[in-house]
Structure formats: structure tokens, C-alpha cells
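Written below as C-alpha cells is the structure these notes are about.
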Amino acid sequence: MGRTNKRMPYIFLAPFLIFFLMFFIAPFLYALFLSFFRSMGAHRTFVGLQNYLMVFKDAGFWSGLFRVFCFGIIQVVIMLILALGISLILDSSFVKGKSVFRLIYFLPYAVPGVIAAIMWGFLYAPSLDPLLTVAGHTLNILTFSRILYGIINIATWEWTGYNMTIYYANLTSIPIELYDAAKIDGCNELQTAIYIKVPMIRTTIIFTTVLTIIFSLQLFNEPLVLNSLMTLSYSYTPNMEIFNMAFSFGNLSYAAALSVILTIVTFAACMLFMFVTSDKRENSKRSEAK
Amino acid sequence: VSRFNSTTKFQRQKHLEVIKIKKNVITSLWMLLLILIAIYVFIPLYWLVIATTKNTNDLINTNPLLLSSHMNLISNFTALFTYQHGVFWRWFANSFIYASVTAVLVTLFSAMGGYALCKYNFGMSKYILAITVGAMMIPQAAMCLPIFMMEKSIGALNTYFSVILPQIASPFGIFFMNIYIKDAMPSEILDAGRVDGAGELKIFFRIVLSIIKPGIVTLFLIVFIGSWNNFFLPLVLLSKTTLYPVTVGLEIWVLNIMSPSGTGVPLYALITCGSLVCVLPMLILFPILRKYITAGISFGGVK
């Protein structure tokens with residue numbers, strides 16, 4: 001029994017580990033391999049770091065990366081104000097019909113991002129007599145300088161309810177005794193929210209913040225759909241440039257170099273996050289020990 | 001309380017009334033805000049329903065939020081179901097196949113892996129869990145192109161498996177099941193099973209799976225919805241129209257609006273009706289399913 005017990009966990013883990021190696025590790029290594037070559041049809045020539053030097057000089061890629069990073073920061077701010085704000089309002093004693101609102105706000109989670117982008121994209125289109133004409137003159141969001149706001153609106157519509165749901169679930173798991181203690185100390189609802197509720201779900205807030213930034217770095221669906229209603233640059237976001245490099249320009253090795261860089265940037269963002277949060281946990285443990 | 005000691009009963013009552021009015025005002029203001037946000041959530045969905053009743057001309061020339069005088073609902077849906085020999089149904093079936101096969105396999109393999117990580121004490125478990133949590137934060141979108149290149153090099157593109165297999169290893173699934181099983185599955189039951197002479201596999205498939213059923217439902221739903229909504233991966237891996245899921249098919253129709261190949265085709269009707277058919281089943285089931293989904297997505301933060 002001892003020996004089977006040693007082997008058993010690996011047997012249980014095997015399906016996951018095999019697919020993990022095949023579709024997380026192997027593709028990355030293969031892309032890394034391809035990024036050192038230049039492909040001409042079936043013929044491949046080793047070019048060393050030349051693709052990476054090209055990425056380094058590719059202003060479009062860096063401005064796309066900067067754009068999605070800014071997009072991520074804006075999303076975090078909106079998320080913290082709107083999603084956290086709504087969850088705190090729903091967790092307060094002021095409002096009624098909480099479960100109905102929670103259901104409604106969470107609905108966009110069931111709508112594919114592509115369809116969200118299609119619906120909003122049509123609502124933005126001036127040719128479809130959109131809401132924006134109501135104000136008197138038409139505000140066209142489908143222009144290069146304004147479309148980022150349009151994408152921010154779509155992402156806000158899609159993800160506010162999702163983040164609110166996470167925050168709300170965490171708020172309701174705070175032990176009720178804490179609130180009683182705060183009440184005795186003379187805290188009103190607002191003070192309770194700021195000084196007790198928000199700090200209690202700090203870990204969750206950090207978690208959702210970093211996930212938002214990481215997913216923003218991969219922004220693709222919304223700009224791609226909107227791109228079929230207007231004209232965006234081919235490198236509007238890093239993933240769009242990777243996609244266009246591979247499928248519009250057929251430059252697979254350069255696309256491979258770009259996706260290696262994007263994966264590393266994403267991974268670095270994860271590591272930074274893990275470092276920051278684990279450090280905090282250590283500190284709090286240490287202070288508890290004292 | 002001490003504040004009221006020197007005041008009369010009347011003053012105290014008035015004070016309480018002021019507090020009550022103040023609270024009512026605050027409640028109405030917050031309720032107004034919540035209702036406005038709810039309207040914001042509903043606007044595109046409401047527009048979608050209205051749009052499915054209009055022909056292209058009315059869609060462009062009438063108020064987008066009001067019904068027009070012509071009802072084109074039936075002719076629009078007829079167009080959707082007959083266009084290119086009902087290719088939309090094919091896409092719908094594809095989406096269902098991709099999502100359900102993926103969800104079944106992810107749920108099973110995640111339950112197995114999560115169970116191994118939390119109920120067996122072995123040296124590598126720490127490292128496997130750390131790698132899994134790290135990988136959880138790498139979105140699949142980052143891996144789409146590398147996966148495409150690898151599948152292309154072995155000639156595996158344009159099959160059902162080319163889309164399903166890359167989704168099967170789910171770091172989130174392992175992480176979720178690891179925590180869930182640790183919480184919901186008492187080790188004493190496992191030991192009791194072992195004493196009775198049940199094999200390890202039998203214990204897992206007979207005992208563990210039945211005890212962790214709620215967690216299985218949760219993970220299945222989250223993976224199903226994620227896979228149903230998936231767009232980038234199938235877009236990159238598939239070039240054969242008959243293999244598209246709904247999301248990719250709809251985007252191709254949107255693309256045709258601007259191109260000459262789309263002239264004469266009621267594309268707006270196809271796109272709006274197709275979108276509605278794609279989201280409606282989930283929206284209808286959502287009030288029932290929400291409980292399970294919420295339990296899953298908020299798990300990482302709560303624990």
C-alpha cells in the first residue's frame with residue numbers, strides 16, 4: 001500500500017500535468033524557438049536575436065502596450081469606484097431588493113465579450129441612429145481618438161458586476177461581531193465601510209486589481225470587433241499586432257517574438273503581484289507573532 | 001444615550017424623526033443610483049431584443065429603443081435559420097460541443113488533480129501547486145498564437161480537438177478543487193474507505209466525487225461559460241467555417257458589413273438574431289445558476 005500511495009497522486013495529477021505541459025509549456029518553448037528564425041515559406045534561417053531587436057524598435061508595439069496598460073489602470077480605478085462602491089452600498093442597511101440588483105448587475109457575465117462588443121459597437125454607430133444623437137448632435141465614438149472610451153465602457157459593462165460579486169461575497173463573510181464592536185465605538189455606516197469593510201477585503205482588492213491589469217494587457221476581442229465597424233491601427237493592442245502579424249502579414253517568426261515578449265511582460269506582472277502580496281502576509285504574520 | 005438625558009421627550013422624538021427622514025433620503029438616493037446602473041446594464045440587451053424585430057431600413061431610420069411599425073421578427077429569424085443552409089445552427093452546435101466536452105474534461109481532471117494535491121502528502125505537491133497558482137494568472141490569450149504555431153507544425157489545425165485540447169489543463173480548476181476538497185472532504189471518510197479495503201481509484205470515483213458534487217457543478221458551469229464565450233482561441237485555430245463556434249461566426253458576419261461580399265445579405269438581422277439566440281439560454285438559466293457561479297468566482301478571495 002505504501003508504494004501505491006506514493007504513485008497515486010501522480011496518477012491523479014497525470015491528465016492535468018500532461019495537458020499543462022502540452023499546452024502551456026510546449027507552445028511557449030516552440031514560440032521561443034521560432035522567434036530566433038526568419039521563415040520564408042517552408043524555408044527557415046537562423047537570425048539570432050534579430051526579431052527581438054525589431055520588437056525593440058517597433059514603436060507600434062510599445063505604444064500598443066502602453067495603451068493597454070493605461071486602459072488597465074483606468075479599468076482598475078473604475079472597478080474600485082463602481083464595483084467596490086456598489087458592493088458596499090448593497091452591503092449597507094440603506095437599500096432594499098439587494099438580491100435583484102445583484103442578479104441584474106451580474107448578468108453581463110453570461111454575455112460573451114464578442115456579443116457585448118457587437119451590441120455596443122452598433123449602439124455607437126452613427127448610421128444606426130444611436131442614443132448619442134438624442135443630445136442634439138451626433139457624437140461619433142467610432143473614431144480613432146475616441147474609441148478607447150468606447151472600449152472602456154464595454155469592459156466596464158462586462159466586468160463591473162463580476163468584480164462586485166466577488167467583493168460582495170467577501171464582504172458578507174466578514175464576522176458580524178466586528179460591526180457590533182464598531183457600532184459601540186460610534187462608527188456610522190460610512191466609517192464602518194471605510195475603516196472595517198475595505199481593509200478586511202484588502203487581499204481580494206489586490207487580487208482583482210492585478211487580474212484586471214493582466215487581462216487588460218491581453219485586450220483583443222473588443223477592439224477586433226470594433227475594428228470591423230471602423231478602422232483601427234493593426235497594432236492597436238499587443239495581441240492585435242500579434243494576430244495581424246501572423247494572419248494578415250504572415251510573419252510568424254516576428255509574431256512569435258512578440259508573443260514571447262508579451263508572455264514575459266504578463267508573467268513579470270504576475271510575479272510582481274505575488275511578491276507584493278506574499279510580502280504583506282509575511283509582515284502581518286510577523287506582527288502577529290510579536 | 002447620555003446625550004438625551006437633559007432633553008425632553010418631545011425633543012427626543014423629533015430628533016429620532018429627523019434621523020428617520022435622513023435615512024429615507026439616503027435610501028432613496030442610493031436606490032435611484034442602483035436603478036440607474038441597472039438600466040445601464042439592460043440598455044444593450046434591450047436594444048438587442050428590439051433590433052431583432054426590425055429590418056435593416058428600420059434599424060437605421062427609426063428610434064433604436066422603440067419598436068417600429070413593421071414587425072420583422074419572424075422574417076429575421078427565418079433568415080438566420082436558413083442563411084447558407086442554416087450555418088448558424090452548425091455554429092451553435094459547435095459552441096455546445098466545445099463548451100460541454102471542455103467543461104466535462106476540465107472538471108474531472110481538476111477534481112483528480114486537486115484531490116491529489118490536498119489529500120496526499122508528497123514532496124512535489126508544494127511545487128506543483130505554486131506553479132499552478134502562478135499559471136492561473138497567465139491568460140490563455142497570451143498562449144493562443146504559440147498554440148497555433150505548434151498545432152500548425154503537427155498539422156492538427158481545423159479539428160474539434162484543436163480547440164478543445166488546449167483548454168483542458170485549467171490552473172484555476174486545480175486551484176479551486178484543491179481548496180474545495182480540502183474544505184468539503186473529511187479525511188476520516190477516506191481512511192474509513194481504506195480500512196474497508198477499497199482501492200484508491202474506487203475511493204475517488206465512488207466516495208470523493210459524490211461528496212464534492214456542489215463544487216463539481218460550480219466548476220463545470222464556470223468552465224462551460226468561459227468556453228462558450230471563448231473567442232480568441234477558436235478564431236486563431238480555425239479557418240474552416242463549418243467548425244466555427246457562434247462567437248467567431250458572428251464576428252465574421254460583422255466583418256462582412258463593411259466588405260462587398262456582404263451586399264444584399266440581411267447582415268444586421270443575422271447578427272442581432274444570432275446574438276440573441278447565443279445569449280438567451282444562459283440569461284434565462286442565470287437566476288438558477290448564479291448561486292453556483294458566485295460560489296466559485298469568489299472562492300479564491302474568501303479563503
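For the C-alpha cells, the naming scheme is as follows: chains receive sequential letters (A, B, ...) according to their order of presentation, residues are indexed from 1 within each chain, and ligands are indexed from 1 in presentation order.
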
Each residue of chain A lying at most 6 Å from chain B should get a row with its shortest atom-to-atom pair and the distance in Å to one decimal, counting only C-alpha atoms; could you produce that, ordered by chain and increasing number, as a tab-separated table?
```
residue	atom	partner	partner_atom	distance
A:Pro9	CA	B:Ala116	CA	4.6
A:Phe12	CA	B:Met112	CA	5.1
A:Leu13	CA	B:Gly113	CA	4.4
A:Phe16	CA	B:Ala169	CA	5.3
A:Phe19	CA	B:Ala169	CA	5.2
A:Phe20	CA	B:Ala169	CA	5.1
A:Phe23	CA	B:Pro166	CA	5.4
A:Pro27	CA	B:Pro146	CA	4.7
A:Phe28	CA	B:Pro146	CA	5.9
A:Ala31	CA	B:Pro146	CA	5.2
A:Phe94	CA	B:Thr27	CA	4.9
A:Val95	CA	B:Thr27	CA	5.7
A:Val111	CA	B:Val279	CA	5.8
A:Pro112	CA	B:Asn229	CA	4.4
A:Met119	CA	B:Pro44	CA	5.9
A:Leu128	CA	B:Ile60	CA	4.3
A:Ile166	CA	B:Ser298	CA	4.6
A:Asn170	CA	B:Val302	CA	5.5
A:Thr204	CA	B:Gly301	CA	5.0
A:Ser228	CA	B:Leu255	CA	5.0
A:Thr263	CA	B:Ala142	CA	5.8
```

Task: range 34-244 of chain A: residues DSSP assigns to strand (DSSP E), reported as a list in words - done: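 Restricting range 34-244 of chain A to strand (DSSP E) produces Phe37, Arg38, Ser39, Met40, His43, Arg44, Thr45 and Phe46 of chain A.
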
Task: Two-atom distance - CA of Ala184 in chain B, CA of Leu221 in chain B (Å) - done: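 That distance, rounded to one decimal, is 18.8 Å.
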
Task: Residue among A:Phe207, A:Phe144, A:Phe249, A:Phe61 lying closest to Leu232 in chain A, counting only C-alpha atoms - done: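 Closest candidate: A:Phe144.
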
Task: Per-residue DSSP, range 2-243 of chain A, filtered to alpha helix (DSSP H), as a ChimeraX atom specification - done: /A:2-20,26-34,50-57,59-78,84-91,98-106,113-124,147-172,176-184,189-192,198-200,202-217,221-227,238-243

Open item on the list: Just checking: using only C-alpha atoms, which residue out of A:Thr266, A:Asn51, A:Gln191, A:Ser233 ends up closest to Phe215 in chain A?
Closed with: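 Checking each candidate against Phe215 in chain A, we get A:Thr266 as the closest.
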
TODO: Find, counting only C-alpha atoms, the residue in B:Gly249, B:Gly197, B:Gly215, B:Gly155 that gets nearest to Val225 in chain A.
DONE: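 Closest candidate: B:Gly249.
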
Task: For Trp91 in chain B, the nearest of the candidates B:Thr242, B:Thr107, B:Ser261, B:Gln11, counting only C-alpha atoms - done: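 Of all the options, B:Thr242 lies closest to Trp91 in chain B.
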